[in-house]
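These notes are about the structure you will find just below.
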Amino acid sequence: GAGVSQSPRYKVAKRGQDVALRCDPISGHVSLFWYQQALGQGPEFLTYFQNEAQLDKSGLPSDRFFAERPEGSVSTLKIQRTQQEDSAVYLCASSLLRVAYQPQHFGDGTRLSIL
Amino acid sequence: SQQGEEDPQALSIQEGENATMNCSYKTSINNLQWYRQNSGRGLVHLILIRSNEREKHSGRLRVTLDTSKKSSSLLITASRAADTASYFCATEGSNYKLTFGKGTLLTVNP
């Protein structure tokens, strides 16, 4: 079956532009997560959805970052007025139910480069 | 912020040898998970060990957990070139979040 799909795979933007990153989770997966992975580092948690409800956004670095999942399936991570420090790989993951003891299934990420 | 530290940061071995990676963490956990990441790809879940378990096996993988020392190890036996990847440990605490370490880059030479 299809895994987690992210688009675009690569995004180059000029500083100050807005970007939108899309995540299609595995069908039926209730939980959805966004992570940010800097070069040579492990992923860092950004935000978590259970269905359409954003239950935790404590990892979002600033109010320029916004995520939504309006119908409980596809999610979009939006970054406004991008800065160079936003350059990273953005990973989306989904899991079937509430996370405890459930592995997360990751997409291949969007590599964002801010010039 | 990263929860844990993997050790070593990089490991290079020959095909057929065993590879051992260690992970230390700081806070109490519900479970600890290991993931693999090939270059330019997402993470793939390998194995999960609960806080009340001490050892778990899956194929060529063996994971141990010592909650008193807040540490875990991942052993890959009879390594293959295809095992070349970065390996991350991730802890899940009382909430649902995974907190990852910085990873170990494993290179298996044919």
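We label chains A, B, ... in the order they appear in the structure tokens, count residues from 1 in each chain, and number ligands from 1 in the order shown.
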
Would you please give, as a PDB file with N, CA, C and O atoms, in the first residue's frame, all residues of region 10-110 of chain A that DSSP assigns to strand (DSSP E) based on the backbone?
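result.pdb was written with the following content:
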ATOM      1  N   TYR A  10      11.750  18.845  -3.133  1.00  0.00           N
ATOM      2  CA  TYR A  10      12.735  19.909  -2.967  1.00  0.00           C
ATOM      3  C   TYR A  10      12.040  21.244  -3.196  1.00  0.00           C
ATOM      4  O   TYR A  10      11.189  21.366  -4.082  1.00  0.00           O
ATOM      5  N   LYS A  11      12.423  22.211  -2.398  1.00  0.00           N
ATOM      6  CA  LYS A  11      11.850  23.552  -2.543  1.00  0.00           C
ATOM      7  C   LYS A  11      12.944  24.561  -2.281  1.00  0.00           C
ATOM      8  O   LYS A  11      13.618  24.518  -1.232  1.00  0.00           O
ATOM      9  N   VAL A  12      13.149  25.453  -3.252  1.00  0.00           N
ATOM     10  CA  VAL A  12      14.088  26.546  -3.088  1.00  0.00           C
ATOM     11  C   VAL A  12      13.283  27.827  -3.075  1.00  0.00           C
ATOM     12  O   VAL A  12      12.442  28.053  -3.957  1.00  0.00           O
ATOM     13  N   ALA A  13      13.504  28.665  -2.091  1.00  0.00           N
ATOM     14  CA  ALA A  13      12.774  29.923  -1.990  1.00  0.00           C
ATOM     15  C   ALA A  13      13.733  31.028  -1.576  1.00  0.00           C
ATOM     16  O   ALA A  13      14.771  30.773  -0.948  1.00  0.00           O
ATOM     17  N   VAL A  19       6.203  29.644   1.977  1.00  0.00           N
ATOM     18  CA  VAL A  19       6.214  28.316   1.363  1.00  0.00           C
ATOM     19  C   VAL A  19       5.150  27.453   2.018  1.00  0.00           C
ATOM     20  O   VAL A  19       4.749  27.688   3.164  1.00  0.00           O
ATOM     21  N   ALA A  20       4.687  26.458   1.262  1.00  0.00           N
ATOM     22  CA  ALA A  20       3.696  25.499   1.773  1.00  0.00           C
ATOM     23  C   ALA A  20       4.166  24.098   1.432  1.00  0.00           C
ATOM     24  O   ALA A  20       4.472  23.796   0.267  1.00  0.00           O
ATOM     25  N   LEU A  21       4.225  23.253   2.428  1.00  0.00           N
ATOM     26  CA  LEU A  21       4.679  21.880   2.275  1.00  0.00           C
ATOM     27  C   LEU A  21       3.504  20.951   2.566  1.00  0.00           C
ATOM     28  O   LEU A  21       2.797  21.127   3.562  1.00  0.00           O
ATOM     29  N   ARG A  22       3.348  19.932   1.723  1.00  0.00           N
ATOM     30  CA  ARG A  22       2.176  19.075   1.821  1.00  0.00           C
ATOM     31  C   ARG A  22       2.550  17.679   2.288  1.00  0.00           C
ATOM     32  O   ARG A  22       3.597  17.145   1.935  1.00  0.00           O
ATOM     33  N   CYS A  23       1.641  17.090   3.065  1.00  0.00           N
ATOM     34  CA  CYS A  23       1.823  15.714   3.539  1.00  0.00           C
ATOM     35  C   CYS A  23       0.533  14.931   3.338  1.00  0.00           C
ATOM     36  O   CYS A  23      -0.527  15.344   3.815  1.00  0.00           O
ATOM     37  N   ASP A  24       0.637  13.797   2.646  1.00  0.00           N
ATOM     38  CA  ASP A  24      -0.473  12.856   2.512  1.00  0.00           C
ATOM     39  C   ASP A  24      -0.157  11.647   3.399  1.00  0.00           C
ATOM     40  O   ASP A  24       0.706  10.842   3.032  1.00  0.00           O
ATOM     41  N   SER A  31      -3.120   9.774  13.601  1.00  0.00           N
ATOM     42  CA  SER A  31      -2.104  10.700  14.120  1.00  0.00           C
ATOM     43  C   SER A  31      -1.177  11.155  13.005  1.00  0.00           C
ATOM     44  O   SER A  31      -0.776  10.362  12.145  1.00  0.00           O
ATOM     45  N   LEU A  32      -0.826  12.436  13.035  1.00  0.00           N
ATOM     46  CA  LEU A  32       0.089  13.001  12.047  1.00  0.00           C
ATOM     47  C   LEU A  32       1.050  13.943  12.751  1.00  0.00           C
ATOM     48  O   LEU A  32       0.642  14.742  13.594  1.00  0.00           O
ATOM     49  N   PHE A  33       2.314  13.835  12.386  1.00  0.00           N
ATOM     50  CA  PHE A  33       3.374  14.602  13.020  1.00  0.00           C
ATOM     51  C   PHE A  33       4.200  15.322  11.954  1.00  0.00           C
ATOM     52  O   PHE A  33       4.416  14.793  10.860  1.00  0.00           O
ATOM     53  N   TRP A  34       4.698  16.475  12.319  1.00  0.00           N
ATOM     54  CA  TRP A  34       5.705  17.177  11.517  1.00  0.00           C
ATOM     55  C   TRP A  34       6.987  17.289  12.333  1.00  0.00           C
ATOM     56  O   TRP A  34       6.944  17.596  13.534  1.00  0.00           O
ATOM     57  N   TYR A  35       8.110  17.050  11.650  1.00  0.00           N
ATOM     58  CA  TYR A  35       9.428  17.175  12.257  1.00  0.00           C
ATOM     59  C   TYR A  35      10.311  18.038  11.362  1.00  0.00           C
ATOM     60  O   TYR A  35      10.128  18.081  10.147  1.00  0.00           O
ATOM     61  N   GLN A  36      11.290  18.655  11.985  1.00  0.00           N
ATOM     62  CA  GLN A  36      12.306  19.405  11.254  1.00  0.00           C
ATOM     63  C   GLN A  36      13.645  18.724  11.483  1.00  0.00           C
ATOM     64  O   GLN A  36      13.998  18.421  12.641  1.00  0.00           O
ATOM     65  N   GLN A  37      14.378  18.454  10.405  1.00  0.00           N
ATOM     66  CA  GLN A  37      15.669  17.789  10.544  1.00  0.00           C
ATOM     67  C   GLN A  37      16.758  18.648   9.916  1.00  0.00           C
ATOM     68  O   GLN A  37      16.802  18.804   8.690  1.00  0.00           O
ATOM     69  N   GLU A  44      13.509  16.848  14.850  1.00  0.00           N
ATOM     70  CA  GLU A  44      12.975  17.524  16.029  1.00  0.00           C
ATOM     71  C   GLU A  44      11.488  17.781  15.818  1.00  0.00           C
ATOM     72  O   GLU A  44      11.080  18.271  14.764  1.00  0.00           O
ATOM     73  N   PHE A  45      10.723  17.461  16.836  1.00  0.00           N
ATOM     74  CA  PHE A  45       9.268  17.570  16.794  1.00  0.00           C
ATOM     75  C   PHE A  45       8.823  19.011  16.567  1.00  0.00           C
ATOM     76  O   PHE A  45       9.345  19.939  17.190  1.00  0.00           O
ATOM     77  N   LEU A  46       7.841  19.169  15.674  1.00  0.00           N
ATOM     78  CA  LEU A  46       7.241  20.488  15.445  1.00  0.00           C
ATOM     79  C   LEU A  46       5.809  20.534  15.975  1.00  0.00           C
ATOM     80  O   LEU A  46       5.462  21.382  16.780  1.00  0.00           O
ATOM     81  N   THR A  47       4.962  19.604  15.466  1.00  0.00           N
ATOM     82  CA  THR A  47       3.559  19.671  15.818  1.00  0.00           C
ATOM     83  C   THR A  47       2.895  18.313  15.605  1.00  0.00           C
ATOM     84  O   THR A  47       3.415  17.454  14.881  1.00  0.00           O
ATOM     85  N   TYR A  48       1.729  18.132  16.257  1.00  0.00           N
ATOM     86  CA  TYR A  48       1.021  16.852  16.233  1.00  0.00           C
ATOM     87  C   TYR A  48      -0.474  17.086  16.039  1.00  0.00           C
ATOM     88  O   TYR A  48      -1.063  17.968  16.680  1.00  0.00           O
ATOM     89  N   PHE A  49      -1.068  16.284  15.164  1.00  0.00           N
ATOM     90  CA  PHE A  49      -2.509  16.290  14.932  1.00  0.00           C
ATOM     91  C   PHE A  49      -3.097  14.927  15.276  1.00  0.00           C
ATOM     92  O   PHE A  49      -2.499  13.893  14.963  1.00  0.00           O
ATOM     93  N   GLN A  50      -4.256  14.960  15.861  1.00  0.00           N
ATOM     94  CA  GLN A  50      -5.073  13.755  15.976  1.00  0.00           C
ATOM     95  C   GLN A  50      -6.354  14.062  15.201  1.00  0.00           C
ATOM     96  O   GLN A  50      -7.145  14.904  15.613  1.00  0.00           O
ATOM     97  N   ALA A  53      -7.656  17.823  14.721  1.00  0.00           N
ATOM     98  CA  ALA A  53      -7.306  18.633  15.878  1.00  0.00           C
ATOM     99  C   ALA A  53      -5.791  18.711  16.066  1.00  0.00           C
ATOM    100  O   ALA A  53      -5.109  17.681  16.153  1.00  0.00           O
ATOM    101  N   GLN A  54      -5.305  19.927  16.162  1.00  0.00           N
ATOM    102  CA  GLN A  54      -3.876  20.138  16.425  1.00  0.00           C
ATOM    103  C   GLN A  54      -3.695  20.131  17.939  1.00  0.00           C
ATOM    104  O   GLN A  54      -4.008  21.109  18.616  1.00  0.00           O
ATOM    105  N   LEU A  55      -3.200  19.034  18.461  1.00  0.00           N
ATOM    106  CA  LEU A  55      -3.133  18.862  19.905  1.00  0.00           C
ATOM    107  C   LEU A  55      -1.861  19.416  20.513  1.00  0.00           C
ATOM    108  O   LEU A  55      -1.817  19.652  21.731  1.00  0.00           O
ATOM    109  N   ASP A  56      -0.855  19.600  19.719  1.00  0.00           N
ATOM    110  CA  ASP A  56       0.410  20.083  20.262  1.00  0.00           C
ATOM    111  C   ASP A  56       1.155  20.817  19.159  1.00  0.00           C
ATOM    112  O   ASP A  56       1.406  20.244  18.096  1.00  0.00           O
ATOM    113  N   PHE A  65       5.507  29.848  11.544  1.00  0.00           N
ATOM    114  CA  PHE A  65       5.182  28.468  11.187  1.00  0.00           C
ATOM    115  C   PHE A  65       3.733  28.179  11.555  1.00  0.00           C
ATOM    116  O   PHE A  65       3.295  28.461  12.685  1.00  0.00           O
ATOM    117  N   PHE A  66       3.026  27.572  10.602  1.00  0.00           N
ATOM    118  CA  PHE A  66       1.613  27.275  10.802  1.00  0.00           C
ATOM    119  C   PHE A  66       1.304  25.942  10.134  1.00  0.00           C
ATOM    120  O   PHE A  66       1.744  25.683   9.025  1.00  0.00           O
ATOM    121  N   ALA A  67       0.569  25.085  10.816  1.00  0.00           N
ATOM    122  CA  ALA A  67       0.202  23.797  10.232  1.00  0.00           C
ATOM    123  C   ALA A  67      -1.295  23.590  10.349  1.00  0.00           C
ATOM    124  O   ALA A  67      -1.924  24.062  11.294  1.00  0.00           O
ATOM    125  N   GLU A  68      -1.845  22.884   9.377  1.00  0.00           N
ATOM    126  CA  GLU A  68      -3.277  22.591   9.412  1.00  0.00           C
ATOM    127  C   GLU A  68      -3.540  21.228   8.830  1.00  0.00           C
ATOM    128  O   GLU A  68      -2.758  20.699   8.034  1.00  0.00           O
ATOM    129  N   SER A  75      -2.232  17.182   5.325  1.00  0.00           N
ATOM    130  CA  SER A  75      -1.784  18.285   6.172  1.00  0.00           C
ATOM    131  C   SER A  75      -0.853  19.188   5.377  1.00  0.00           C
ATOM    132  O   SER A  75      -0.149  18.735   4.470  1.00  0.00           O
ATOM    133  N   THR A  76      -0.879  20.463   5.746  1.00  0.00           N
ATOM    134  CA  THR A  76       0.012  21.440   5.126  1.00  0.00           C
ATOM    135  C   THR A  76       0.771  22.170   6.217  1.00  0.00           C
ATOM    136  O   THR A  76       0.183  22.615   7.200  1.00  0.00           O
ATOM    137  N   LEU A  77       2.074  22.283   6.023  1.00  0.00           N
ATOM    138  CA  LEU A  77       2.923  23.094   6.893  1.00  0.00           C
ATOM    139  C   LEU A  77       3.294  24.346   6.109  1.00  0.00           C
ATOM    140  O   LEU A  77       3.839  24.253   5.007  1.00  0.00           O
ATOM    141  N   LYS A  78       2.959  25.481   6.655  1.00  0.00           N
ATOM    142  CA  LYS A  78       3.226  26.743   5.976  1.00  0.00           C
ATOM    143  C   LYS A  78       4.257  27.532   6.770  1.00  0.00           C
ATOM    144  O   LYS A  78       4.173  27.607   8.005  1.00  0.00           O
ATOM    145  N   ILE A  79       5.195  28.096   6.055  1.00  0.00           N
ATOM    146  CA  ILE A  79       6.201  28.956   6.677  1.00  0.00           C
ATOM    147  C   ILE A  79       6.114  30.310   5.988  1.00  0.00           C
ATOM    148  O   ILE A  79       6.276  30.420   4.772  1.00  0.00           O
ATOM    149  N   ALA A  88      16.127  23.273   5.974  1.00  0.00           N
ATOM    150  CA  ALA A  88      16.161  21.980   6.662  1.00  0.00           C
ATOM    151  C   ALA A  88      15.338  21.000   5.839  1.00  0.00           C
ATOM    152  O   ALA A  88      14.722  21.372   4.836  1.00  0.00           O
ATOM    153  N   VAL A  89      15.320  19.754   6.291  1.00  0.00           N
ATOM    154  CA  VAL A  89      14.381  18.772   5.741  1.00  0.00           C
ATOM    155  C   VAL A  89      13.182  18.714   6.678  1.00  0.00           C
ATOM    156  O   VAL A  89      13.339  18.587   7.901  1.00  0.00           O
ATOM    157  N   TYR A  90      11.999  18.817   6.106  1.00  0.00           N
ATOM    158  CA  TYR A  90      10.772  18.746   6.882  1.00  0.00           C
ATOM    159  C   TYR A  90      10.127  17.386   6.636  1.00  0.00           C
ATOM    160  O   TYR A  90       9.788  17.048   5.505  1.00  0.00           O
ATOM    161  N   LEU A  91      10.004  16.621   7.708  1.00  0.00           N
ATOM    162  CA  LEU A  91       9.490  15.262   7.633  1.00  0.00           C
ATOM    163  C   LEU A  91       8.088  15.196   8.210  1.00  0.00           C
ATOM    164  O   LEU A  91       7.792  15.813   9.235  1.00  0.00           O
ATOM    165  N   CYS A  92       7.256  14.427   7.563  1.00  0.00           N
ATOM    166  CA  CYS A  92       5.913  14.155   8.044  1.00  0.00           C
ATOM    167  C   CYS A  92       5.843  12.672   8.397  1.00  0.00           C
ATOM    168  O   CYS A  92       6.451  11.828   7.716  1.00  0.00           O
ATOM    169  N   ALA A  93       5.118  12.358   9.460  1.00  0.00           N
ATOM    170  CA  ALA A  93       4.940  10.964   9.859  1.00  0.00           C
ATOM    171  C   ALA A  93       3.499  10.755  10.283  1.00  0.00           C
ATOM    172  O   ALA A  93       2.835  11.679  10.775  1.00  0.00           O
ATOM    173  N   SER A  94       3.004   9.548  10.094  1.00  0.00           N
ATOM    174  CA  SER A  94       1.659   9.235  10.561  1.00  0.00           C
ATOM    175  C   SER A  94       1.668   7.909  11.297  1.00  0.00           C
ATOM    176  O   SER A  94       2.564   7.076  11.108  1.00  0.00           O
ATOM    177  N   SER A  95       0.701   7.737  12.167  1.00  0.00           N
ATOM    178  CA  SER A  95       0.539   6.457  12.842  1.00  0.00           C
ATOM    179  C   SER A  95      -0.950   6.173  12.996  1.00  0.00           C
ATOM    180  O   SER A  95      -1.787   7.073  12.938  1.00  0.00           O
ATOM    181  N   HIS A 105       5.263   6.166  10.736  1.00  0.00           N
ATOM    182  CA  HIS A 105       5.652   5.918   9.356  1.00  0.00           C
ATOM    183  C   HIS A 105       5.989   7.259   8.717  1.00  0.00           C
ATOM    184  O   HIS A 105       5.129   8.144   8.670  1.00  0.00           O
ATOM    185  N   PHE A 106       7.200   7.358   8.227  1.00  0.00           N
ATOM    186  CA  PHE A 106       7.701   8.629   7.724  1.00  0.00           C
ATOM    187  C   PHE A 106       7.640   8.719   6.203  1.00  0.00           C
ATOM    188  O   PHE A 106       7.845   7.725   5.492  1.00  0.00           O
ATOM    189  N   THR A 110      10.573  16.940   2.677  1.00  0.00           N
ATOM    190  CA  THR A 110      10.782  18.050   1.745  1.00  0.00           C
ATOM    191  C   THR A 110      12.056  18.752   2.171  1.00  0.00           C
ATOM    192  O   THR A 110      12.154  19.200   3.319  1.00  0.00           O
TER     193      THR A 110
END

Residues of chain B that have any atom at most 8 Å from an atom of chain A: could you tabulate them with the shortest-distance atom pair and the distance in Å to one decimal, using only C-alpha atoms, ordered by chain and increasing number, as JSON lines?
{"residue": "B:Ser1", "atom": "CA", "partner": "A:Glu44", "partner_atom": "CA", "distance": 7.0}
{"residue": "B:Gln2", "atom": "CA", "partner": "A:Glu44", "partner_atom": "CA", "distance": 7.3}
{"residue": "B:Asn30", "atom": "CA", "partner": "A:Ala100", "partner_atom": "CA", "distance": 7.8}
{"residue": "B:Asn31", "atom": "CA", "partner": "A:Tyr101", "partner_atom": "CA", "distance": 7.2}
{"residue": "B:Gly40", "atom": "CA", "partner": "A:Asp108", "partner_atom": "CA", "distance": 7.2}
{"residue": "B:Arg41", "atom": "CA", "partner": "A:Asp108", "partner_atom": "CA", "distance": 4.5}
{"residue": "B:Gly42", "atom": "CA", "partner": "A:Asp108", "partner_atom": "CA", "distance": 4.0}
{"residue": "B:Leu43", "atom": "CA", "partner": "A:Phe106", "partner_atom": "CA", "distance": 5.6}
{"residue": "B:Val44", "atom": "CA", "partner": "A:Phe106", "partner_atom": "CA", "distance": 6.8}
{"residue": "B:His45", "atom": "CA", "partner": "A:Pro103", "partner_atom": "CA", "distance": 6.3}
{"residue": "B:Leu48", "atom": "CA", "partner": "A:Tyr101", "partner_atom": "CA", "distance": 7.4}
{"residue": "B:Arg50", "atom": "CA", "partner": "A:Tyr101", "partner_atom": "CA", "distance": 7.8}
{"residue": "B:Phe88", "atom": "CA", "partner": "A:Gly42", "partner_atom": "CA", "distance": 7.1}
{"residue": "B:Glu92", "atom": "CA", "partner": "A:Ala100", "partner_atom": "CA", "distance": 7.5}
{"residue": "B:Tyr96", "atom": "CA", "partner": "A:Val99", "partner_atom": "CA", "distance": 5.4}
{"residue": "B:Lys97", "atom": "CA", "partner": "A:Phe45", "partner_atom": "CA", "distance": 7.2}
{"residue": "B:Leu98", "atom": "CA", "partner": "A:Phe45", "partner_atom": "CA", "distance": 7.2}
{"residue": "B:Thr99", "atom": "CA", "partner": "A:Glu44", "partner_atom": "CA", "distance": 6.8}
{"residue": "B:Phe100", "atom": "CA", "partner": "A:Gly42", "partner_atom": "CA", "distance": 5.6}
{"residue": "B:Gly101", "atom": "CA", "partner": "A:Gly42", "partner_atom": "CA", "distance": 5.6}
{"residue": "B:Lys102", "atom": "CA", "partner": "A:Gly42", "partner_atom": "CA", "distance": 4.5}
{"residue": "B:Gly103", "atom": "CA", "partner": "A:Gly42", "partner_atom": "CA", "distance": 6.2}

For this session: Excluding Glu15 (chain B) and any residue of its chain fewer than 4 positions from it, enumerate the residues within 9 Å of it, using only C-alpha atoms, and give them as a list in words.
Result: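 Skipping anything fewer than 4 positions along the chain leaves Ala78, Ser79, Arg80, Ala81, Val108, Asn109 and Pro110 of chain B.
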
Output C-alpha atoms for every residue in the selection just made, as an mmCIF file, in the first residue's frame.
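Below is the file that was written, again.cif:
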data_model
loop_
_atom_site.group_PDB
_atom_site.id
_atom_site.type_symbol
_atom_site.label_atom_id
_atom_site.label_comp_id
_atom_site.auth_asym_id
_atom_site.auth_seq_id
_atom_site.Cartn_x
_atom_site.Cartn_y
_atom_site.Cartn_z
ATOM 1 C CA ALA B 78 26.126 -10.334 10.130
ATOM 2 C CA SER B 79 25.982 -6.875 8.591
ATOM 3 C CA ARG B 80 25.413 -6.311 4.884
ATOM 4 C CA ALA B 81 26.294 -3.417 2.595
ATOM 5 C CA VAL B 108 29.280 -1.407 5.883
ATOM 6 C CA ASN B 109 32.044 -2.029 3.386
ATOM 7 C CA PRO B 110 31.627 -4.900 0.890
#

For this session: Work out how far apart CA of Gln6 (chain A) and CA of Gly93 (chain B) are and give it in Å to one decimal.
Result: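 About the pair CA of Gln6 (chain A) and CA of Gly93 (chain B): they are 27.0 Å apart.
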